[in-house]
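K.L.:
The structure's right below; bear with me while I get my questions together.
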Amino acid sequence: MATLNITPAAAKQIHHVLDERGQGLGLRVSVKPSGCSGYSYVLDFADETHEGDVSFEEHGVKVFVDPEAVEMLDGSEVDYVNEGLNRYFRFNNPNIKDECGCGESFTV
């Protein structure tokens, strides 16, 4: 069975953006072919479930993963970081074999 961990910081941010929107079931994560290394993460709001979605729940929030991305994300941690003026979701993914120099894409 696949695992995906959600840090307290990520859960707090997911709660925050869903509260601001006034709707949504959680965060949706998928991957798409992109960049110089192969794939990039795609984040969106999950307003409904899709057939085959795999959901993970921790700290009172849900993250829905596209079935085609589950294997690539297995064992990952979703975090939310503040670095200077930048705030973003970061994936600590043990399956990554290589990343491009700009950090926008990865290979598994």
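Ordering of the structure tokens sets the chain letters (A, B, ...); residue numbers start at 1 within each chain; ligands are numbered from 1 in the order shown.
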Write out as a PyMOL selection string the residues lying within 9 Å of Arg28 of chain A, counting only C-alpha atoms and excluding same-chain residues fewer than 4 positions away.

P.N.:
chain A and resi 42-47+62-66

K.L.:
Chain A: which residues are strand (DSSP E) by DSSP, as a ChimeraX atom specification?

P.N.:
/A:4-6,26-34,38-46,54-58,61-65,76-83,86-92,98-99,106-107

K.L.:
Which residues are close to segment 79-90 of chain A, i.e. within 7 Å by only C-alpha atoms, leaving aside same-chain residues fewer than 3 positions away? Reply as an MDAnalysis selection string.

P.N.:
chainID A and resid 6:7 9:10

K.L.:
Just give me the gap between atom CA of His15 of chain A and atom CA of Glu57 of chain A in Å, one decimal is fine.

P.N.:
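Going from atom CA of His15 of chain A over to atom CA of Glu57 of chain A covers 12.4 Å.
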
K.L.:
Between A:Val54, A:Ile96, A:Val78, A:Val61, which residue has the minimum interatomic distance to Leu18 of chain A, considering only C-alpha atoms?

P.N.:
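Closest candidate: A:Val61.
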
K.L.:
I'd like the neighbourhood of Asn93 of chain A as number ranges by chain, where a residue qualifies if any of its atoms comes within 10 Å (using only C-alpha atoms), though same-chain residues fewer than 5 positions away should be ignored.

P.N.:
A: 4, 72-78, 106, 108

K.L.:
Would you export the selected residues with all heavy atoms as a compact mmCIF listing (two decimals), in the first residue's frame, please?

P.N.:
```txt
# COMPACT_ATOMS: atom_id res chain seq x y z
N LEU A 4 1.92 8.43 1.81
CA LEU A 4 2.22 9.83 1.57
C LEU A 4 2.01 10.54 2.90
O LEU A 4 0.93 10.43 3.48
CB LEU A 4 1.30 10.42 0.51
CG LEU A 4 1.57 11.87 0.16
CD1 LEU A 4 2.67 11.95 -0.90
CD2 LEU A 4 0.32 12.55 -0.36
N MET A 72 5.03 7.02 -8.31
CA MET A 72 6.11 8.02 -8.28
C MET A 72 6.17 8.77 -6.96
O MET A 72 7.22 9.24 -6.56
CB MET A 72 5.93 9.04 -9.41
CG MET A 72 6.31 8.51 -10.77
SD MET A 72 6.26 9.84 -11.97
CE MET A 72 4.92 9.30 -12.99
N LEU A 73 5.03 8.88 -6.27
CA LEU A 73 4.96 9.65 -5.02
C LEU A 73 5.02 8.78 -3.77
O LEU A 73 5.06 9.31 -2.66
CB LEU A 73 3.68 10.49 -5.00
CG LEU A 73 3.61 11.59 -6.03
CD1 LEU A 73 2.23 12.22 -6.05
CD2 LEU A 73 4.66 12.63 -5.79
N ASP A 74 5.02 7.47 -3.93
CA ASP A 74 5.01 6.56 -2.78
C ASP A 74 6.17 6.86 -1.83
O ASP A 74 7.32 6.96 -2.25
CB ASP A 74 5.08 5.11 -3.26
CG ASP A 74 4.93 4.11 -2.13
OD1 ASP A 74 4.33 4.47 -1.09
OD2 ASP A 74 5.42 2.98 -2.28
N GLY A 75 5.84 7.03 -0.56
CA GLY A 75 6.84 7.30 0.46
C GLY A 75 7.22 8.76 0.58
O GLY A 75 8.08 9.11 1.39
N SER A 76 6.58 9.63 -0.19
CA SER A 76 6.91 11.06 -0.16
C SER A 76 6.30 11.77 1.04
O SER A 76 5.38 11.27 1.68
CB SER A 76 6.40 11.76 -1.44
OG SER A 76 7.08 11.29 -2.57
N GLU A 77 6.84 12.94 1.29
CA GLU A 77 6.32 13.83 2.32
C GLU A 77 5.94 15.15 1.65
O GLU A 77 6.72 15.71 0.89
CB GLU A 77 7.40 14.10 3.37
CG GLU A 77 6.99 15.11 4.42
CD GLU A 77 8.14 15.46 5.33
OE1 GLU A 77 9.05 16.18 4.87
OE2 GLU A 77 8.13 15.00 6.48
N VAL A 78 4.72 15.61 1.91
CA VAL A 78 4.28 16.92 1.43
C VAL A 78 4.52 17.91 2.56
O VAL A 78 4.02 17.73 3.67
CB VAL A 78 2.78 16.92 1.07
CG1 VAL A 78 2.35 18.29 0.55
CG2 VAL A 78 2.46 15.85 0.06
N PHE A 106 11.82 16.46 -12.42
CA PHE A 106 12.54 15.36 -11.80
C PHE A 106 12.40 14.09 -12.62
O PHE A 106 11.53 13.98 -13.46
CB PHE A 106 12.04 15.14 -10.37
CG PHE A 106 10.59 14.73 -10.30
CD1 PHE A 106 10.23 13.39 -10.29
CD2 PHE A 106 9.58 15.68 -10.23
CE1 PHE A 106 8.89 13.01 -10.22
CE2 PHE A 106 8.24 15.32 -10.17
CZ PHE A 106 7.91 13.98 -10.16
N VAL A 108 12.29 9.75 -12.08
CA VAL A 108 12.18 8.65 -11.11
C VAL A 108 12.72 7.38 -11.72
O VAL A 108 12.87 7.26 -12.90
CB VAL A 108 10.71 8.43 -10.64
CG1 VAL A 108 10.28 9.58 -9.78
CG2 VAL A 108 9.77 8.22 -11.79
```

K.L.:
Return the single residue from A:Pro94, A:Val31, A:Pro67, A:Ala2 that is closest to Glu51 of chain A, with distances computed using only C-alpha atoms.

P.N.:
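Going through A:Pro94, A:Val31, A:Pro67, A:Ala2 one by one, the smallest distance to Glu51 of chain A is for A:Pro67.
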
K.L.:
Identify all residues of chain A in alpha helix (DSSP H) (DSSP on the backbone) and supply them as a PDB file with all heavy atoms, in the first residue's frame.

P.N.:
```pdb
ATOM      1  N   PRO A   8       2.609  18.905   9.459  1.00  0.00           N
ATOM      2  CA  PRO A   8       1.683  19.867  10.072  1.00  0.00           C
ATOM      3  C   PRO A   8       1.659  21.210   9.332  1.00  0.00           C
ATOM      4  O   PRO A   8       0.598  21.821   9.192  1.00  0.00           O
ATOM      5  CB  PRO A   8       2.228  20.022  11.495  1.00  0.00           C
ATOM      6  CG  PRO A   8       2.905  18.716  11.776  1.00  0.00           C
ATOM      7  CD  PRO A   8       3.523  18.319  10.457  1.00  0.00           C
ATOM      8  N   ALA A   9       2.807  21.666   8.824  1.00  0.00           N
ATOM      9  CA  ALA A   9       2.850  22.943   8.089  1.00  0.00           C
ATOM     10  C   ALA A   9       2.033  22.853   6.800  1.00  0.00           C
ATOM     11  O   ALA A   9       1.305  23.785   6.446  1.00  0.00           O
ATOM     12  CB  ALA A   9       4.290  23.330   7.774  1.00  0.00           C
ATOM     13  N   ALA A  10       2.136  21.732   6.086  1.00  0.00           N
ATOM     14  CA  ALA A  10       1.356  21.547   4.857  1.00  0.00           C
ATOM     15  C   ALA A  10      -0.131  21.474   5.185  1.00  0.00           C
ATOM     16  O   ALA A  10      -0.960  22.074   4.493  1.00  0.00           O
ATOM     17  CB  ALA A  10       1.810  20.297   4.113  1.00  0.00           C
ATOM     18  N   ALA A  11      -0.476  20.748   6.239  1.00  0.00           N
ATOM     19  CA  ALA A  11      -1.881  20.629   6.631  1.00  0.00           C
ATOM     20  C   ALA A  11      -2.462  22.000   6.987  1.00  0.00           C
ATOM     21  O   ALA A  11      -3.586  22.324   6.585  1.00  0.00           O
ATOM     22  CB  ALA A  11      -2.015  19.672   7.819  1.00  0.00           C
ATOM     23  N   LYS A  12      -1.699  22.800   7.699  1.00  0.00           N
ATOM     24  CA  LYS A  12      -2.163  24.143   8.075  1.00  0.00           C
ATOM     25  C   LYS A  12      -2.431  24.988   6.830  1.00  0.00           C
ATOM     26  O   LYS A  12      -3.446  25.672   6.747  1.00  0.00           O
ATOM     27  CB  LYS A  12      -1.117  24.814   8.968  1.00  0.00           C
ATOM     28  CG  LYS A  12      -1.519  26.184   9.444  1.00  0.00           C
ATOM     29  CD  LYS A  12      -0.459  26.777  10.362  1.00  0.00           C
ATOM     30  CE  LYS A  12      -0.850  28.188  10.786  1.00  0.00           C
ATOM     31  NZ  LYS A  12       0.159  28.791  11.657  1.00  0.00           N
ATOM     32  N   GLN A  13      -1.538  24.910   5.838  1.00  0.00           N
ATOM     33  CA  GLN A  13      -1.717  25.687   4.607  1.00  0.00           C
ATOM     34  C   GLN A  13      -2.898  25.173   3.792  1.00  0.00           C
ATOM     35  O   GLN A  13      -3.651  25.959   3.221  1.00  0.00           O
ATOM     36  CB  GLN A  13      -0.438  25.685   3.774  1.00  0.00           C
ATOM     37  CG  GLN A  13      -0.538  26.513   2.513  1.00  0.00           C
ATOM     38  CD  GLN A  13      -0.777  27.993   2.753  1.00  0.00           C
ATOM     39  OE1 GLN A  13      -0.567  28.507   3.845  1.00  0.00           O
ATOM     40  NE2 GLN A  13      -1.222  28.678   1.734  1.00  0.00           N
ATOM     41  N   ILE A  14      -3.064  23.866   3.729  1.00  0.00           N
ATOM     42  CA  ILE A  14      -4.207  23.306   3.004  1.00  0.00           C
ATOM     43  C   ILE A  14      -5.503  23.777   3.653  1.00  0.00           C
ATOM     44  O   ILE A  14      -6.432  24.219   2.967  1.00  0.00           O
ATOM     45  CB  ILE A  14      -4.125  21.767   2.921  1.00  0.00           C
ATOM     46  CG1 ILE A  14      -2.926  21.348   2.064  1.00  0.00           C
ATOM     47  CG2 ILE A  14      -5.423  21.177   2.377  1.00  0.00           C
ATOM     48  CD1 ILE A  14      -2.569  19.872   2.167  1.00  0.00           C
ATOM     49  N   HIS A  15      -5.576  23.699   4.986  1.00  0.00           N
ATOM     50  CA  HIS A  15      -6.753  24.216   5.709  1.00  0.00           C
ATOM     51  C   HIS A  15      -6.993  25.678   5.353  1.00  0.00           C
ATOM     52  O   HIS A  15      -8.117  26.084   5.072  1.00  0.00           O
ATOM     53  CB  HIS A  15      -6.541  24.125   7.230  1.00  0.00           C
ATOM     54  CG  HIS A  15      -6.951  22.842   7.843  1.00  0.00           C
ATOM     55  ND1 HIS A  15      -8.245  22.368   7.844  1.00  0.00           N
ATOM     56  CD2 HIS A  15      -6.227  21.917   8.514  1.00  0.00           C
ATOM     57  CE1 HIS A  15      -8.288  21.224   8.477  1.00  0.00           C
ATOM     58  NE2 HIS A  15      -7.071  20.916   8.890  1.00  0.00           N
ATOM     59  N   HIS A  16      -5.925  26.461   5.376  1.00  0.00           N
ATOM     60  CA  HIS A  16      -6.019  27.903   5.124  1.00  0.00           C
ATOM     61  C   HIS A  16      -6.594  28.195   3.731  1.00  0.00           C
ATOM     62  O   HIS A  16      -7.525  28.995   3.598  1.00  0.00           O
ATOM     63  CB  HIS A  16      -4.639  28.548   5.288  1.00  0.00           C
ATOM     64  CG  HIS A  16      -4.597  29.992   4.939  1.00  0.00           C
ATOM     65  ND1 HIS A  16      -5.155  30.968   5.743  1.00  0.00           N
ATOM     66  CD2 HIS A  16      -4.079  30.632   3.860  1.00  0.00           C
ATOM     67  CE1 HIS A  16      -4.986  32.148   5.174  1.00  0.00           C
ATOM     68  NE2 HIS A  16      -4.334  31.972   4.027  1.00  0.00           N
ATOM     69  N   VAL A  17      -6.041  27.562   2.698  1.00  0.00           N
ATOM     70  CA  VAL A  17      -6.512  27.866   1.342  1.00  0.00           C
ATOM     71  C   VAL A  17      -7.936  27.345   1.110  1.00  0.00           C
ATOM     72  O   VAL A  17      -8.726  27.996   0.413  1.00  0.00           O
ATOM     73  CB  VAL A  17      -5.544  27.366   0.244  1.00  0.00           C
ATOM     74  CG1 VAL A  17      -4.235  28.108   0.297  1.00  0.00           C
ATOM     75  CG2 VAL A  17      -5.333  25.883   0.295  1.00  0.00           C
ATOM     76  N   LEU A  18      -8.286  26.224   1.705  1.00  0.00           N
ATOM     77  CA  LEU A  18      -9.653  25.729   1.565  1.00  0.00           C
ATOM     78  C   LEU A  18     -10.635  26.640   2.277  1.00  0.00           C
ATOM     79  O   LEU A  18     -11.734  26.900   1.771  1.00  0.00           O
ATOM     80  CB  LEU A  18      -9.771  24.287   2.064  1.00  0.00           C
ATOM     81  CG  LEU A  18      -9.047  23.231   1.232  1.00  0.00           C
ATOM     82  CD1 LEU A  18      -9.174  21.867   1.892  1.00  0.00           C
ATOM     83  CD2 LEU A  18      -9.558  23.191  -0.197  1.00  0.00           C
ATOM     84  N   ASP A  19     -10.252  27.145   3.451  1.00  0.00           N
ATOM     85  CA  ASP A  19     -11.107  28.091   4.176  1.00  0.00           C
ATOM     86  C   ASP A  19     -11.295  29.376   3.375  1.00  0.00           C
ATOM     87  O   ASP A  19     -12.396  29.916   3.307  1.00  0.00           O
ATOM     88  CB  ASP A  19     -10.523  28.421   5.556  1.00  0.00           C
ATOM     89  CG  ASP A  19     -10.685  27.286   6.554  1.00  0.00           C
ATOM     90  OD1 ASP A  19     -11.450  26.338   6.268  1.00  0.00           O
ATOM     91  OD2 ASP A  19     -10.032  27.345   7.612  1.00  0.00           O
ATOM     92  N   GLU A  20     -10.217  29.875   2.759  1.00  0.00           N
ATOM     93  CA  GLU A  20     -10.310  31.079   1.938  1.00  0.00           C
ATOM     94  C   GLU A  20     -11.237  30.876   0.743  1.00  0.00           C
ATOM     95  O   GLU A  20     -11.990  31.774   0.386  1.00  0.00           O
ATOM     96  CB  GLU A  20      -8.929  31.505   1.422  1.00  0.00           C
ATOM     97  CG  GLU A  20      -8.136  32.333   2.383  1.00  0.00           C
ATOM     98  CD  GLU A  20      -6.874  32.904   1.746  1.00  0.00           C
ATOM     99  OE1 GLU A  20      -6.445  32.435   0.658  1.00  0.00           O
ATOM    100  OE2 GLU A  20      -6.320  33.832   2.339  1.00  0.00           O
ATOM    101  N   ARG A  21     -11.160  29.711   0.108  1.00  0.00           N
ATOM    102  CA  ARG A  21     -12.004  29.402  -1.042  1.00  0.00           C
ATOM    103  C   ARG A  21     -13.445  29.167  -0.634  1.00  0.00           C
ATOM    104  O   ARG A  21     -14.354  29.355  -1.423  1.00  0.00           O
ATOM    105  CB  ARG A  21     -11.516  28.126  -1.737  1.00  0.00           C
ATOM    106  CG  ARG A  21     -10.270  28.274  -2.526  1.00  0.00           C
ATOM    107  CD  ARG A  21      -9.911  26.962  -3.219  1.00  0.00           C
ATOM    108  NE  ARG A  21     -10.702  26.805  -4.441  1.00  0.00           N
ATOM    109  CZ  ARG A  21     -11.368  25.725  -4.770  1.00  0.00           C
ATOM    110  NH1 ARG A  21     -11.373  24.670  -3.989  1.00  0.00           N
ATOM    111  NH2 ARG A  21     -12.051  25.659  -5.902  1.00  0.00           N
ATOM    112  N   VAL A  70       0.694   7.712  -8.207  1.00  0.00           N
ATOM    113  CA  VAL A  70       0.874   7.072  -6.891  1.00  0.00           C
ATOM    114  C   VAL A  70       2.240   6.414  -6.764  1.00  0.00           C
ATOM    115  O   VAL A  70       2.931   6.604  -5.757  1.00  0.00           O
ATOM    116  CB  VAL A  70      -0.265   6.063  -6.612  1.00  0.00           C
ATOM    117  CG1 VAL A  70       0.037   5.228  -5.381  1.00  0.00           C
ATOM    118  CG2 VAL A  70      -1.579   6.795  -6.439  1.00  0.00           C
ATOM    119  N   GLU A  71       2.643   5.646  -7.751  1.00  0.00           N
ATOM    120  CA  GLU A  71       3.923   4.943  -7.664  1.00  0.00           C
ATOM    121  C   GLU A  71       5.093   5.931  -7.568  1.00  0.00           C
ATOM    122  O   GLU A  71       6.037   5.723  -6.815  1.00  0.00           O
ATOM    123  CB  GLU A  71       4.107   4.026  -8.871  1.00  0.00           C
ATOM    124  CG  GLU A  71       5.311   3.119  -8.747  1.00  0.00           C
ATOM    125  CD  GLU A  71       5.404   2.135  -9.900  1.00  0.00           C
ATOM    126  OE1 GLU A  71       4.356   1.625 -10.350  1.00  0.00           O
ATOM    127  OE2 GLU A  71       6.540   1.881 -10.345  1.00  0.00           O
ATOM    128  N   MET A  72       5.034   7.022  -8.313  1.00  0.00           N
ATOM    129  CA  MET A  72       6.113   8.017  -8.281  1.00  0.00           C
ATOM    130  C   MET A  72       6.170   8.774  -6.955  1.00  0.00           C
ATOM    131  O   MET A  72       7.221   9.245  -6.563  1.00  0.00           O
ATOM    132  CB  MET A  72       5.928   9.040  -9.409  1.00  0.00           C
ATOM    133  CG  MET A  72       6.309   8.515 -10.767  1.00  0.00           C
ATOM    134  SD  MET A  72       6.261   9.842 -11.967  1.00  0.00           S
ATOM    135  CE  MET A  72       4.921   9.304 -12.990  1.00  0.00           C
ATOM    136  N   LEU A  73       5.030   8.881  -6.271  1.00  0.00           N
ATOM    137  CA  LEU A  73       4.963   9.649  -5.022  1.00  0.00           C
ATOM    138  C   LEU A  73       5.016   8.778  -3.770  1.00  0.00           C
ATOM    139  O   LEU A  73       5.063   9.309  -2.660  1.00  0.00           O
ATOM    140  CB  LEU A  73       3.681  10.489  -4.996  1.00  0.00           C
ATOM    141  CG  LEU A  73       3.610  11.591  -6.034  1.00  0.00           C
ATOM    142  CD1 LEU A  73       2.229  12.224  -6.052  1.00  0.00           C
ATOM    143  CD2 LEU A  73       4.664  12.632  -5.787  1.00  0.00           C
TER     144      LEU A  73
END
```

K.L.:
To one decimal place in Å, what is the distance between atom CA of Ser34 of chain A and atom CA of Asp53 of chain A?

P.N.:
21.8 Å
